[in-house]
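Engineer: Take this structure first; my questions come after.
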Amino acid sequence: MHPQSPVLRALAEKWDAVPAAERANFQSYATEFCAALGVALPQPRGSGYEFEYPVTTTDRRTGKDATNFIDLYHQGRFILEAKHTDAGLGADRVLGAAYGQAKGYAGDVPHAPPPYLMVMNIARTLLVWDRWSGNYGGVNASRRIDLRTLWQRDDDIEFLRTVWNDPDSLNPAIRGRVVTREVAERLAKRSASLEGRGLDGERVARFLMRCVFTMFAEDVGLLQGKPFQTALQAIGGGGGGKSHNTNRLQRNT
C-alpha cells in the first residue's frame with residue numbers, strides 16, 4: 001500500500017456523497033486532494049501555481065479579446081479544468097467539452113504550453129493528457145483515473161505525484177536518453193572487464209552486440225519464452241563465479 005493511500009481513501013469517503021456543485025466544491029476538493037496526494041498546495045495569485053489563473057483569449061469570429069480563467073494552473077506542469085456532474089448525466093460529454101476548453105487555454109498562456117492537461121469530475125474522475133508526442137492527442141487519448149478508488153493503485157498515485165512534482169521526468173525522450181546512456185556505460189564497463197581478462201576486443205564487441213540484439217528480440221516478442229533470460233539465470237546459479245559464468249556464456253554464443 002502506498003504511504004498516501006490511507007489519506008486518499010479518507011478523502012474519497014468524505015466526498016463520495018457530496019452533491020454536484022462545481023463552483024462551490026472545486027477549490028476545497030482540489031486543496032484537500034493535493035494534501036492527500038502529498039504534493040504542494042496551490043499558492044496565491046502571481047505564483048504560477050494558482051486557482052483562477054487569468055488568460056487572454058481572442059474570439060476567432062470577432063477578433064475581440066476576452067479574459068478567461070483556468071481552474072487550476074501550474075506553470076510548466078499542467079492545466080486543470082474542473083466539472084462536477086453525476087454519472088449517467090452525460091458526464092463524458094461534459095468532460096470532453098472541458099478538454100477542448102483546456103486545450104484552448106494551453107495556447108493562450110503566456111508561457112510554453114504545459115506538458116499535461118487534466119480534466120476533473122470532482123471527486124469522481126480525472127482524465128490526463130500529455131503532449132510528449134507533439135500534441136495532446138484527441139479527447140479519447142486520455143489516461144482515465146478513478147478518484148474514488150485511487151487509493152488502491154500505487155502506480156496512479158505515483159504518476160500523479162510526478163505530474164505535480166517533476167513532469168519532465170515522464171518525457172519518453174528524456175527517459176530514453178537516460179536509459180541509453182546507462183546501458184552504454186554498463187556495456188563499456190563490461191567490455192573493459194572482458195578485454196582485461198585477455199579476450200580479443202573484436203570478439204567481445206560481437207558478443208555484446210549479440211546480447212543486446214537477443215534482449216531486444218525477447219522484449220518485442222520475437223523470441224518466445226525468454227530463452228536468453230532463462231540461460232542467464234541458469235548460468236548465474238551454476239556456480240563457478242562471475243568470470244567463469246561469463247566465459248561459459250561467451251563460448252555458447
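Within each chain, counting starts at residue 1; across the C-alpha cells, chains are named A, B, ... in the order shown, with ligands numbered 1 upward in that order.
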With a distance cut-off of 12 Å and only C-alpha atoms, select the neighbouring residues of Gly104 of chain A, excluding the residue or stretch itself and same-chain residues fewer than 3 positions from it, and output the selection as a list in words.
Structural biologist: Val55, Thr56, Thr57, Thr58, Asp59, Arg60, Asn68, Phe69, Ile70, Ile79, Glu81, Ala97, Ala98, Tyr99, Gly100, Gln101, Gly107, Asp108, Val109, Pro113, Leu117 and Tyr136 of chain A
Engineer: Looking only at helix (DSSP H, G or I) from DSSP on the backbone, list the matching residues of segment 167-236 of chain A as number ranges by chain.
Structural biologist: A: 167-170, 172-195, 201-219, 227-236
Engineer: Please compute the atom CA of Gly196 of chain A-atom CA of Phe213 of chain A distance, one decimal, in Å.
Structural biologist: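 Distance between the two atoms: 23.6 Å.
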Engineer: Among segment 33-67 of chain A, which ones does DSSP place in strand (DSSP E), written as a PyMOL selection string?
Structural biologist: chain A and resi 49-58+65-67
Engineer: Just write the chosen residues, all heavy atoms, as a tab-separated table (two decimals), in the first residue's frame.
Structural biologist:
```tsv
chain	number	residue	atom	x	y	z
A	49	TYR	N	1.25	28.91	-9.72
A	49	TYR	CA	0.57	27.67	-9.31
A	49	TYR	C	-0.64	28.12	-8.51
A	49	TYR	O	-0.56	28.31	-7.30
A	49	TYR	CB	1.50	26.80	-8.47
A	49	TYR	CG	0.88	25.53	-7.91
A	49	TYR	CD1	-0.13	24.85	-8.57
A	49	TYR	CD2	1.35	25.00	-6.71
A	49	TYR	CE1	-0.68	23.69	-8.05
A	49	TYR	CE2	0.81	23.84	-6.17
A	49	TYR	CZ	-0.21	23.19	-6.85
A	49	TYR	OH	-0.76	22.03	-6.33
A	50	GLU	N	-1.75	28.33	-9.22
A	50	GLU	CA	-2.85	29.05	-8.58
A	50	GLU	C	-4.20	28.71	-9.20
A	50	GLU	O	-4.30	28.25	-10.34
A	50	GLU	CB	-2.61	30.55	-8.72
A	50	GLU	CG	-2.48	31.01	-10.17
A	50	GLU	CD	-1.84	32.38	-10.30
A	50	GLU	OE1	-0.59	32.47	-10.18
A	50	GLU	OE2	-2.59	33.36	-10.51
A	51	PHE	N	-5.23	28.95	-8.41
A	51	PHE	CA	-6.60	28.84	-8.89
A	51	PHE	C	-6.94	30.09	-9.71
A	51	PHE	O	-6.39	31.17	-9.50
A	51	PHE	CB	-7.57	28.74	-7.72
A	51	PHE	CG	-7.46	27.47	-6.92
A	51	PHE	CD1	-7.09	27.52	-5.58
A	51	PHE	CD2	-7.74	26.24	-7.49
A	51	PHE	CE1	-7.01	26.35	-4.83
A	51	PHE	CE2	-7.66	25.07	-6.75
A	51	PHE	CZ	-7.28	25.12	-5.42
A	52	GLU	N	-7.87	29.91	-10.64
A	52	GLU	CA	-8.42	31.02	-11.42
A	52	GLU	C	-7.33	31.86	-12.08
A	52	GLU	O	-7.28	33.08	-11.96
A	52	GLU	CB	-9.31	31.90	-10.52
A	52	GLU	CG	-10.53	31.19	-9.98
A	52	GLU	CD	-11.50	30.75	-11.08
A	52	GLU	OE1	-11.83	31.58	-11.95
A	52	GLU	OE2	-11.90	29.56	-11.08
A	53	TYR	N	-6.45	31.17	-12.80
A	53	TYR	CA	-5.36	31.87	-13.49
A	53	TYR	C	-5.92	32.57	-14.73
A	53	TYR	O	-6.54	31.94	-15.59
A	53	TYR	CB	-4.28	30.87	-13.90
A	53	TYR	CG	-3.08	31.50	-14.56
A	53	TYR	CD1	-2.06	32.05	-13.80
A	53	TYR	CD2	-2.99	31.57	-15.95
A	53	TYR	CE1	-0.96	32.64	-14.40
A	53	TYR	CE2	-1.89	32.15	-16.56
A	53	TYR	CZ	-0.88	32.69	-15.78
A	53	TYR	OH	0.21	33.28	-16.37
A	54	PRO	N	-5.73	33.89	-14.86
A	54	PRO	CA	-6.33	34.63	-15.98
A	54	PRO	C	-5.54	34.45	-17.28
A	54	PRO	O	-4.32	34.51	-17.30
A	54	PRO	CB	-6.27	36.08	-15.50
A	54	PRO	CG	-5.09	36.13	-14.58
A	54	PRO	CD	-5.02	34.78	-13.91
A	55	VAL	N	-6.27	34.23	-18.36
A	55	VAL	CA	-5.65	34.16	-19.69
A	55	VAL	C	-6.49	35.00	-20.65
A	55	VAL	O	-7.72	35.06	-20.54
A	55	VAL	CB	-5.56	32.71	-20.21
A	55	VAL	CG1	-4.54	31.92	-19.44
A	55	VAL	CG2	-6.92	32.01	-20.18
A	56	THR	N	-5.81	35.63	-21.57
A	56	THR	CA	-6.49	36.43	-22.59
A	56	THR	C	-6.69	35.58	-23.83
A	56	THR	O	-5.74	35.02	-24.38
A	56	THR	CB	-5.67	37.68	-22.94
A	56	THR	OG1	-5.49	38.47	-21.76
A	56	THR	CG2	-6.37	38.50	-24.01
A	57	THR	N	-7.93	35.48	-24.26
A	57	THR	CA	-8.26	34.71	-25.46
A	57	THR	C	-8.85	35.66	-26.50
A	57	THR	O	-9.43	36.70	-26.16
A	57	THR	CB	-9.28	33.60	-25.15
A	57	THR	OG1	-10.48	34.19	-24.64
A	57	THR	CG2	-8.72	32.64	-24.11
A	58	THR	N	-8.69	35.29	-27.76
A	58	THR	CA	-9.21	36.11	-28.85
A	58	THR	C	-10.31	35.35	-29.57
A	58	THR	O	-10.10	34.20	-30.00
A	58	THR	CB	-8.09	36.46	-29.85
A	58	THR	OG1	-7.05	37.16	-29.15
A	58	THR	CG2	-8.62	37.34	-30.97
A	65	ASP	N	-10.74	40.52	-27.78
A	65	ASP	CA	-10.09	39.83	-26.67
A	65	ASP	C	-11.04	39.70	-25.49
A	65	ASP	O	-11.89	40.57	-25.25
A	65	ASP	CB	-8.83	40.56	-26.23
A	65	ASP	CG	-7.72	40.47	-27.26
A	65	ASP	OD1	-7.78	39.57	-28.11
A	65	ASP	OD2	-6.80	41.32	-27.21
A	66	ALA	N	-10.87	38.62	-24.77
A	66	ALA	CA	-11.64	38.41	-23.55
A	66	ALA	C	-10.75	37.71	-22.53
A	66	ALA	O	-9.80	37.01	-22.90
A	66	ALA	CB	-12.89	37.58	-23.83
A	67	THR	N	-11.04	37.91	-21.27
A	67	THR	CA	-10.28	37.25	-20.21
A	67	THR	C	-11.06	36.06	-19.68
A	67	THR	O	-12.23	36.20	-19.28
A	67	THR	CB	-9.98	38.22	-19.06
A	67	THR	OG1	-9.20	39.32	-19.56
A	67	THR	CG2	-9.19	37.52	-17.96
```
Engineer: Between atom CA of Ala192 of chain A and atom CA of Met209 of chain A, what is the spacing in Å?
Structural biologist: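 Computed distance, atom CA of Met209 of chain A to atom CA of Ala192 of chain A, equals 14.5 Å.
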Engineer: May I ask which of the residues A:Ser5, A:Ser191, A:Thr31, A:Asn25 is the closest one to Leu208 of chain A, counting only C-alpha atoms?
Structural biologist: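 Of all the options, A:Ser191 lies closest to Leu208 of chain A.
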Engineer: Can you pull out the residues contacting Leu126 of chain A? Cut-off 10 Å, using only C-alpha atoms, and skip same-chain residues under 4 positions away; I want them as a list in words.
Structural biologist: Leu80, Glu81, Ala82, Leu95, Met118, Val119, Met120, Asn121, Ile122, Ser142, Arg143, Arg144, Ile145, Asp146, Leu147 and Leu150 of chain A
Engineer: Just N, CA, C and O atoms for this one: save the residues we selected as a PDB file, in the first residue's frame.
Structural biologist:
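Contents of part-v6.pdb, as written:
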```
ATOM      1  N   LEU A  80      -5.533  22.394 -15.373  1.00  0.00           N
ATOM      2  CA  LEU A  80      -6.599  21.523 -14.880  1.00  0.00           C
ATOM      3  C   LEU A  80      -7.923  22.276 -14.947  1.00  0.00           C
ATOM      4  O   LEU A  80      -8.053  23.363 -14.380  1.00  0.00           O
ATOM      5  N   GLU A  81      -8.867  21.695 -15.658  1.00  0.00           N
ATOM      6  CA  GLU A  81     -10.227  22.219 -15.707  1.00  0.00           C
ATOM      7  C   GLU A  81     -11.147  21.271 -14.954  1.00  0.00           C
ATOM      8  O   GLU A  81     -11.014  20.047 -15.068  1.00  0.00           O
ATOM      9  N   ALA A  82     -12.057  21.831 -14.189  1.00  0.00           N
ATOM     10  CA  ALA A  82     -12.914  21.012 -13.332  1.00  0.00           C
ATOM     11  C   ALA A  82     -14.381  21.132 -13.717  1.00  0.00           C
ATOM     12  O   ALA A  82     -14.849  22.195 -14.123  1.00  0.00           O
ATOM     13  N   LEU A  95     -17.028  16.309 -19.810  1.00  0.00           N
ATOM     14  CA  LEU A  95     -15.574  16.281 -19.653  1.00  0.00           C
ATOM     15  C   LEU A  95     -14.875  16.467 -20.996  1.00  0.00           C
ATOM     16  O   LEU A  95     -13.803  17.083 -21.065  1.00  0.00           O
ATOM     17  N   MET A 118      -5.358  18.291 -17.707  1.00  0.00           N
ATOM     18  CA  MET A 118      -6.198  17.419 -16.891  1.00  0.00           C
ATOM     19  C   MET A 118      -7.606  17.987 -16.811  1.00  0.00           C
ATOM     20  O   MET A 118      -7.796  19.203 -16.761  1.00  0.00           O
ATOM     21  N   VAL A 119      -8.563  17.088 -16.830  1.00  0.00           N
ATOM     22  CA  VAL A 119      -9.963  17.446 -16.639  1.00  0.00           C
ATOM     23  C   VAL A 119     -10.496  16.585 -15.509  1.00  0.00           C
ATOM     24  O   VAL A 119     -10.340  15.361 -15.522  1.00  0.00           O
ATOM     25  N   MET A 120     -11.103  17.234 -14.539  1.00  0.00           N
ATOM     26  CA  MET A 120     -11.572  16.531 -13.347  1.00  0.00           C
ATOM     27  C   MET A 120     -13.083  16.618 -13.221  1.00  0.00           C
ATOM     28  O   MET A 120     -13.662  17.698 -13.349  1.00  0.00           O
ATOM     29  N   ASN A 121     -13.697  15.476 -12.998  1.00  0.00           N
ATOM     30  CA  ASN A 121     -15.057  15.445 -12.479  1.00  0.00           C
ATOM     31  C   ASN A 121     -14.892  15.292 -10.974  1.00  0.00           C
ATOM     32  O   ASN A 121     -14.482  14.234 -10.489  1.00  0.00           O
ATOM     33  N   ILE A 122     -15.145  16.347 -10.247  1.00  0.00           N
ATOM     34  CA  ILE A 122     -14.734  16.472  -8.852  1.00  0.00           C
ATOM     35  C   ILE A 122     -15.079  15.229  -8.033  1.00  0.00           C
ATOM     36  O   ILE A 122     -16.231  14.792  -7.995  1.00  0.00           O
ATOM     37  N   SER A 142      -6.830  10.153 -23.466  1.00  0.00           N
ATOM     38  CA  SER A 142      -6.503  10.433 -22.067  1.00  0.00           C
ATOM     39  C   SER A 142      -6.223   9.162 -21.275  1.00  0.00           C
ATOM     40  O   SER A 142      -6.620   8.058 -21.647  1.00  0.00           O
ATOM     41  N   ARG A 143      -5.551   9.359 -20.168  1.00  0.00           N
ATOM     42  CA  ARG A 143      -5.421   8.333 -19.135  1.00  0.00           C
ATOM     43  C   ARG A 143      -6.523   8.604 -18.118  1.00  0.00           C
ATOM     44  O   ARG A 143      -6.598   9.683 -17.537  1.00  0.00           O
ATOM     45  N   ARG A 144      -7.390   7.635 -17.908  1.00  0.00           N
ATOM     46  CA  ARG A 144      -8.539   7.814 -17.016  1.00  0.00           C
ATOM     47  C   ARG A 144      -8.209   7.254 -15.633  1.00  0.00           C
ATOM     48  O   ARG A 144      -7.808   6.101 -15.498  1.00  0.00           O
ATOM     49  N   ILE A 145      -8.410   8.081 -14.621  1.00  0.00           N
ATOM     50  CA  ILE A 145      -8.120   7.691 -13.244  1.00  0.00           C
ATOM     51  C   ILE A 145      -9.386   7.863 -12.410  1.00  0.00           C
ATOM     52  O   ILE A 145      -9.957   8.957 -12.349  1.00  0.00           O
ATOM     53  N   ASP A 146      -9.819   6.791 -11.781  1.00  0.00           N
ATOM     54  CA  ASP A 146     -10.983   6.828 -10.905  1.00  0.00           C
ATOM     55  C   ASP A 146     -10.534   7.355  -9.544  1.00  0.00           C
ATOM     56  O   ASP A 146      -9.785   6.688  -8.823  1.00  0.00           O
ATOM     57  N   LEU A 147     -10.977   8.543  -9.193  1.00  0.00           N
ATOM     58  CA  LEU A 147     -10.546   9.163  -7.944  1.00  0.00           C
ATOM     59  C   LEU A 147     -11.132   8.465  -6.720  1.00  0.00           C
ATOM     60  O   LEU A 147     -10.568   8.549  -5.628  1.00  0.00           O
ATOM     61  N   LEU A 150      -8.621   5.607  -6.254  1.00  0.00           N
ATOM     62  CA  LEU A 150      -7.212   5.936  -6.472  1.00  0.00           C
ATOM     63  C   LEU A 150      -6.330   5.366  -5.373  1.00  0.00           C
ATOM     64  O   LEU A 150      -5.208   4.914  -5.629  1.00  0.00           O
TER      65      LEU A 150
END
```
